[in-house]
Amino acid sequence: MPFIDLNSDVGESFGSWTMGDDAAVFRHVSSANVACGFHAGDPSTIAKTCRDAVAAGVTIGAHVGYRDLAGFGRRFLDCSATELTDDVLYQLGALQALANAAGSEIKYVKPHGALYNTIVHHEVHAQAVVDAVHTFSPGLPLLLLPGSVALRKAESRGLRAVAEAFADRAYNPDGTLVSRREEGAVLHDNDVVTRNMVRLATEGKIVARDGSVLAVHADSICVHGDTPGAVAMAGAVRAGLEAAGVTVRSFL
């Protein structure tokens, strides 16, 4: 029976500001990309998210990003390789401590936002992220976009590189994600999204925004936790996958 992981970005509330409904999302996903405090998340939010993930039986991953709270990590940061490596290591250490306190640990790493998209093509920052993860724990998988520079560098360094697809994002014909600055970058129709993800899981194909069909291998599907209607979308995608005979479980 085919299987695929379903992941979501969580732990992104900060102080009095609430982002998403993590507890509800945990009913549908198998992996949690927990914010590490640099793009979102404060210590108490992160700690509670880890506890809730453990209670729900959801795998904890580190959602590391640029040091950009004001921009929610969606702006490129022109930092040196050393700075970025240190920043990623710092985030991993913080989340590991809170995950340990909840009775778990970091099981994988997924870059967030601008960092994720930058290391699709940016050689220096891709290497910095790979170096940080390898230094922290060479056994940690990296969750990345198929065809990215970072995926290639991770494999070359001996890290497990896991390819993912995005349920709620539109694709360009070259397999990259449509920029959030462009209209239609984020998808909201649950029926369309579910059909796309069932096609991905069963046929290895995704329809790009121009109608072209992309061959995509992915072991995990992301539903962003901050997208309006994220809980309903995650539930619809999971139900659609299971109805098609696809088991939803962690890629680990």
# chains A, B, ... in the order shown; residues from 1 in each chain; ligands from 1

$ residues_around --residues "region 103-105 of chain A" --least-positions-apart "6" --cutoff "10 Å" --atoms "only C-alpha atoms" --output "VMD selection string"
chain A and resid 50 to 51 53 to 55 59 to 62 95 to 97

$ write_last_selection --atoms "N, CA and C atoms" --output "tab-separated table (two decimals), in the first residue's frame"
chain	number	residue	atom	x	y	z
A	50	CYS	N	5.23	21.46	21.22
A	50	CYS	CA	5.91	20.17	21.35
A	50	CYS	C	5.11	19.20	22.20
A	51	ARG	N	4.57	19.68	23.31
A	51	ARG	CA	3.75	18.81	24.17
A	51	ARG	C	2.52	18.31	23.43
A	53	ALA	N	2.16	18.01	20.19
A	53	ALA	CA	2.57	17.08	19.13
A	53	ALA	C	2.83	15.70	19.71
A	54	VAL	N	3.48	15.65	20.85
A	54	VAL	CA	3.75	14.37	21.50
A	54	VAL	C	2.44	13.68	21.88
A	55	ALA	N	1.51	14.43	22.43
A	55	ALA	CA	0.23	13.87	22.83
A	55	ALA	C	-0.54	13.33	21.64
A	59	THR	N	5.20	13.52	14.67
A	59	THR	CA	6.66	13.67	14.64
A	59	THR	C	7.06	15.14	14.66
A	60	ILE	N	8.07	15.49	15.45
A	60	ILE	CA	8.54	16.87	15.57
A	60	ILE	C	9.73	17.12	14.64
A	61	GLY	N	9.60	18.16	13.83
A	61	GLY	CA	10.70	18.62	12.99
A	61	GLY	C	11.00	20.08	13.29
A	62	ALA	N	12.21	20.51	13.00
A	62	ALA	CA	12.64	21.89	13.27
A	62	ALA	C	12.40	22.75	12.04
A	95	LEU	N	15.07	24.36	19.98
A	95	LEU	CA	13.94	23.45	19.82
A	95	LEU	C	14.23	22.09	20.44
A	96	GLN	N	15.47	21.62	20.32
A	96	GLN	CA	15.81	20.32	20.90
A	96	GLN	C	15.58	20.33	22.42
A	97	ALA	N	15.92	21.41	23.08
A	97	ALA	CA	15.73	21.51	24.52
A	97	ALA	C	14.25	21.43	24.88

$ select_by_dssp --residues "region 35-201 of chain A" --states "alpha helix (DSSP H)" --output "number ranges by chain"
A: 43-56, 81-101, 113-118, 123-136, 149-156, 190-201

$ write_last_selection --atoms "C-alpha atoms" --output "compact mmCIF listing (two decimals), in the first residue's frame"
# COMPACT_ATOMS: atom_id res chain seq x y z
CA PRO A 43 9.49 29.73 24.16
CA SER A 44 6.14 28.99 25.79
CA THR A 45 4.37 28.61 22.45
CA ILE A 46 7.07 26.29 21.15
CA ALA A 47 7.06 24.23 24.35
CA LYS A 48 3.26 23.81 24.25
CA THR A 49 3.39 22.90 20.58
CA CYS A 50 5.91 20.17 21.35
CA ARG A 51 3.75 18.81 24.17
CA ASP A 52 0.67 18.81 21.95
CA ALA A 53 2.57 17.08 19.13
CA VAL A 54 3.75 14.37 21.50
CA ALA A 55 0.23 13.87 22.83
CA ALA A 56 -1.11 13.55 19.29
CA ALA A 81 27.62 31.54 5.51
CA THR A 82 29.03 31.54 9.05
CA GLU A 83 26.19 33.70 10.37
CA LEU A 84 23.56 31.49 8.78
CA THR A 85 25.16 28.28 9.99
CA ASP A 86 25.31 29.68 13.53
CA ASP A 87 21.71 30.90 13.34
CA VAL A 88 20.46 27.49 12.23
CA LEU A 89 22.47 25.73 14.95
CA TYR A 90 21.05 28.12 17.55
CA GLN A 91 17.49 27.35 16.47
CA LEU A 92 18.10 23.60 16.49
CA GLY A 93 19.51 23.76 20.00
CA ALA A 94 16.56 25.76 21.30
CA LEU A 95 13.94 23.45 19.82
CA GLN A 96 15.81 20.32 20.90
CA ALA A 97 15.73 21.51 24.52
CA LEU A 98 11.98 22.16 24.43
CA ALA A 99 11.25 18.94 22.54
CA ASN A 100 13.29 16.99 25.11
CA ALA A 101 11.29 18.59 27.92
CA GLY A 113 9.84 30.71 3.99
CA ALA A 114 12.49 32.78 2.28
CA LEU A 115 15.25 30.49 3.48
CA TYR A 116 13.51 27.46 1.97
CA ASN A 117 13.06 29.20 -1.38
CA THR A 118 16.52 30.78 -1.39
CA GLU A 123 24.81 27.83 -3.31
CA VAL A 124 26.28 29.57 -0.26
CA HIS A 125 23.15 29.58 1.90
CA ALA A 126 22.28 26.04 0.86
CA GLN A 127 25.70 24.85 2.00
CA ALA A 128 25.37 26.79 5.26
CA VAL A 129 22.09 25.06 6.12
CA VAL A 130 23.49 21.65 5.20
CA ASP A 131 26.62 22.29 7.28
CA ALA A 132 24.56 23.34 10.29
CA VAL A 133 22.34 20.26 10.19
CA HIS A 134 25.31 17.94 9.67
CA THR A 135 27.15 19.55 12.60
CA PHE A 136 24.10 19.26 14.87
CA VAL A 149 20.58 22.97 -4.77
CA ALA A 150 20.15 22.24 -1.06
CA LEU A 151 18.81 18.76 -1.77
CA ARG A 152 21.84 17.97 -3.92
CA LYS A 153 24.24 19.35 -1.31
CA ALA A 154 22.53 17.43 1.48
CA GLU A 155 22.93 14.17 -0.40
CA SER A 156 26.57 14.96 -1.18
CA ASN A 190 -10.10 22.08 -1.05
CA ASP A 191 -11.46 19.95 -3.88
CA VAL A 192 -8.79 21.13 -6.33
CA VAL A 193 -6.05 20.78 -3.74
CA THR A 194 -7.17 17.27 -2.78
CA ARG A 195 -7.29 16.10 -6.39
CA ASN A 196 -3.80 17.49 -6.97
CA MET A 197 -2.38 15.71 -3.92
CA VAL A 198 -4.05 12.39 -4.72
CA ARG A 199 -2.58 12.63 -8.22
CA LEU A 200 0.82 13.37 -6.69
CA ALA A 201 0.68 10.42 -4.30

$ closest_residue --among "A:Met19, A:Val186, A:Ile4, A:Ala32" --to "His217 (chain A)" --atoms "only C-alpha atoms"
A:Ile4

$ select_by_dssp --residues "region 17-90 of chain A" --states "strand (DSSP E or B)" --output "list in words"
Trp17, Ser31, Ala32, Asn33, Val34, Ala35, Thr59, Ile60, Gly61, Ala62, His63 and Val64 of chain A

$ write_last_selection --atoms "N, CA and C atoms" --output "PDB file, in the first residue's frame"
ATOM      1  N   TRP A  17      -0.230  37.174  19.934  1.00  0.00           N
ATOM      2  CA  TRP A  17      -0.693  36.985  18.568  1.00  0.00           C
ATOM      3  C   TRP A  17      -0.799  35.495  18.258  1.00  0.00           C
ATOM      4  N   SER A  31       3.439  14.907  10.654  1.00  0.00           N
ATOM      5  CA  SER A  31       4.684  15.582  11.022  1.00  0.00           C
ATOM      6  C   SER A  31       4.422  17.063  11.278  1.00  0.00           C
ATOM      7  N   ALA A  32       5.137  17.617  12.269  1.00  0.00           N
ATOM      8  CA  ALA A  32       4.960  19.009  12.664  1.00  0.00           C
ATOM      9  C   ALA A  32       6.256  19.778  12.487  1.00  0.00           C
ATOM     10  N   ASN A  33       6.239  20.787  11.627  1.00  0.00           N
ATOM     11  CA  ASN A  33       7.388  21.671  11.439  1.00  0.00           C
ATOM     12  C   ASN A  33       7.269  22.783  12.477  1.00  0.00           C
ATOM     13  N   VAL A  34       7.979  22.663  13.592  1.00  0.00           N
ATOM     14  CA  VAL A  34       7.807  23.577  14.714  1.00  0.00           C
ATOM     15  C   VAL A  34       8.746  24.771  14.582  1.00  0.00           C
ATOM     16  N   ALA A  35       8.157  25.973  14.604  1.00  0.00           N
ATOM     17  CA  ALA A  35       8.948  27.199  14.541  1.00  0.00           C
ATOM     18  C   ALA A  35       9.966  27.229  15.679  1.00  0.00           C
ATOM     19  N   THR A  59       5.198  13.523  14.668  1.00  0.00           N
ATOM     20  CA  THR A  59       6.661  13.668  14.643  1.00  0.00           C
ATOM     21  C   THR A  59       7.056  15.144  14.657  1.00  0.00           C
ATOM     22  N   ILE A  60       8.073  15.491  15.453  1.00  0.00           N
ATOM     23  CA  ILE A  60       8.540  16.873  15.566  1.00  0.00           C
ATOM     24  C   ILE A  60       9.729  17.122  14.642  1.00  0.00           C
ATOM     25  N   GLY A  61       9.604  18.163  13.829  1.00  0.00           N
ATOM     26  CA  GLY A  61      10.704  18.623  12.990  1.00  0.00           C
ATOM     27  C   GLY A  61      11.004  20.076  13.290  1.00  0.00           C
ATOM     28  N   ALA A  62      12.215  20.512  13.003  1.00  0.00           N
ATOM     29  CA  ALA A  62      12.637  21.889  13.266  1.00  0.00           C
ATOM     30  C   ALA A  62      12.397  22.754  12.038  1.00  0.00           C
ATOM     31  N   HIS A  63      11.607  23.813  12.225  1.00  0.00           N
ATOM     32  CA  HIS A  63      11.292  24.732  11.129  1.00  0.00           C
ATOM     33  C   HIS A  63      12.182  25.961  11.282  1.00  0.00           C
ATOM     34  N   VAL A  64      13.394  25.871  10.752  1.00  0.00           N
ATOM     35  CA  VAL A  64      14.391  26.930  10.923  1.00  0.00           C
ATOM     36  C   VAL A  64      14.233  27.985   9.829  1.00  0.00           C
TER      37      VAL A  64
END

$ atom_distance --atom1 "CA of Ile119 (chain A)" --atom2 "CA of Val231 (chain A)"
28.3 Å

$ residues_around --residues "Gly71 (chain A)" --least-positions-apart "5" --cutoff "12 Å" --atoms "only C-alpha atoms" --output "JSON, numbers by chain"
{"A": [38, 39, 40, 65, 66, 76, 77, 113, 114]}

$ write_last_selection --atoms "C-alpha atoms" --output "mmCIF file, in the first residue's frame"
data_model
loop_
_atom_site.group_PDB
_atom_site.id
_atom_site.type_symbol
_atom_site.label_atom_id
_atom_site.label_comp_id
_atom_site.auth_asym_id
_atom_site.auth_seq_id
_atom_site.Cartn_x
_atom_site.Cartn_y
_atom_site.Cartn_z
ATOM 1 C CA PHE A 38 13.567 33.261 14.577
ATOM 2 C CA HIS A 39 10.669 33.735 12.153
ATOM 3 C CA ALA A 40 7.900 33.013 14.702
ATOM 4 C CA GLY A 65 14.386 30.305 9.189
ATOM 5 C CA TYR A 66 16.112 33.618 8.680
ATOM 6 C CA PHE A 76 15.809 37.211 2.164
ATOM 7 C CA LEU A 77 18.568 37.969 4.662
ATOM 8 C CA GLY A 113 9.842 30.709 3.986
ATOM 9 C CA ALA A 114 12.491 32.783 2.277
#

$ atom_distance --atom1 "CA of Leu159 (chain A)" --atom2 "CA of Leu252 (chain A)"
13.4 Å

$ closest_residue --among "A:Gly20, A:Pro2, A:Gly175, A:Gly11" --to "Pro228 (chain A)" --atoms "only C-alpha atoms"
A:Gly20

$ atom_distance --atom1 "CA of Asn172 (chain A)" --atom2 "CA of His188 (chain A)"
17.1 Å

$ closest_residue --among "A:Glu203, A:Asp219, A:Asp5, A:Glu182" --to "Arg169 (chain A)" --atoms "only C-alpha atoms"
A:Glu182

$ closest_residue --among "A:Ala208, A:Leu145, A:Leu187, A:Ala23" --to "Ile221 (chain A)" --atoms "only C-alpha atoms"
A:Leu145

$ closest_residue --among "A:Arg74, A:Ala215, A:His224, A:Ser8" --to "Val58 (chain A)" --atoms "only C-alpha atoms"
A:Ser8

$ closest_residue --among "A:Leu6, A:Ala243, A:Ala102, A:Val109" --to "Ala218 (chain A)" --atoms "only C-alpha atoms"
A:Leu6
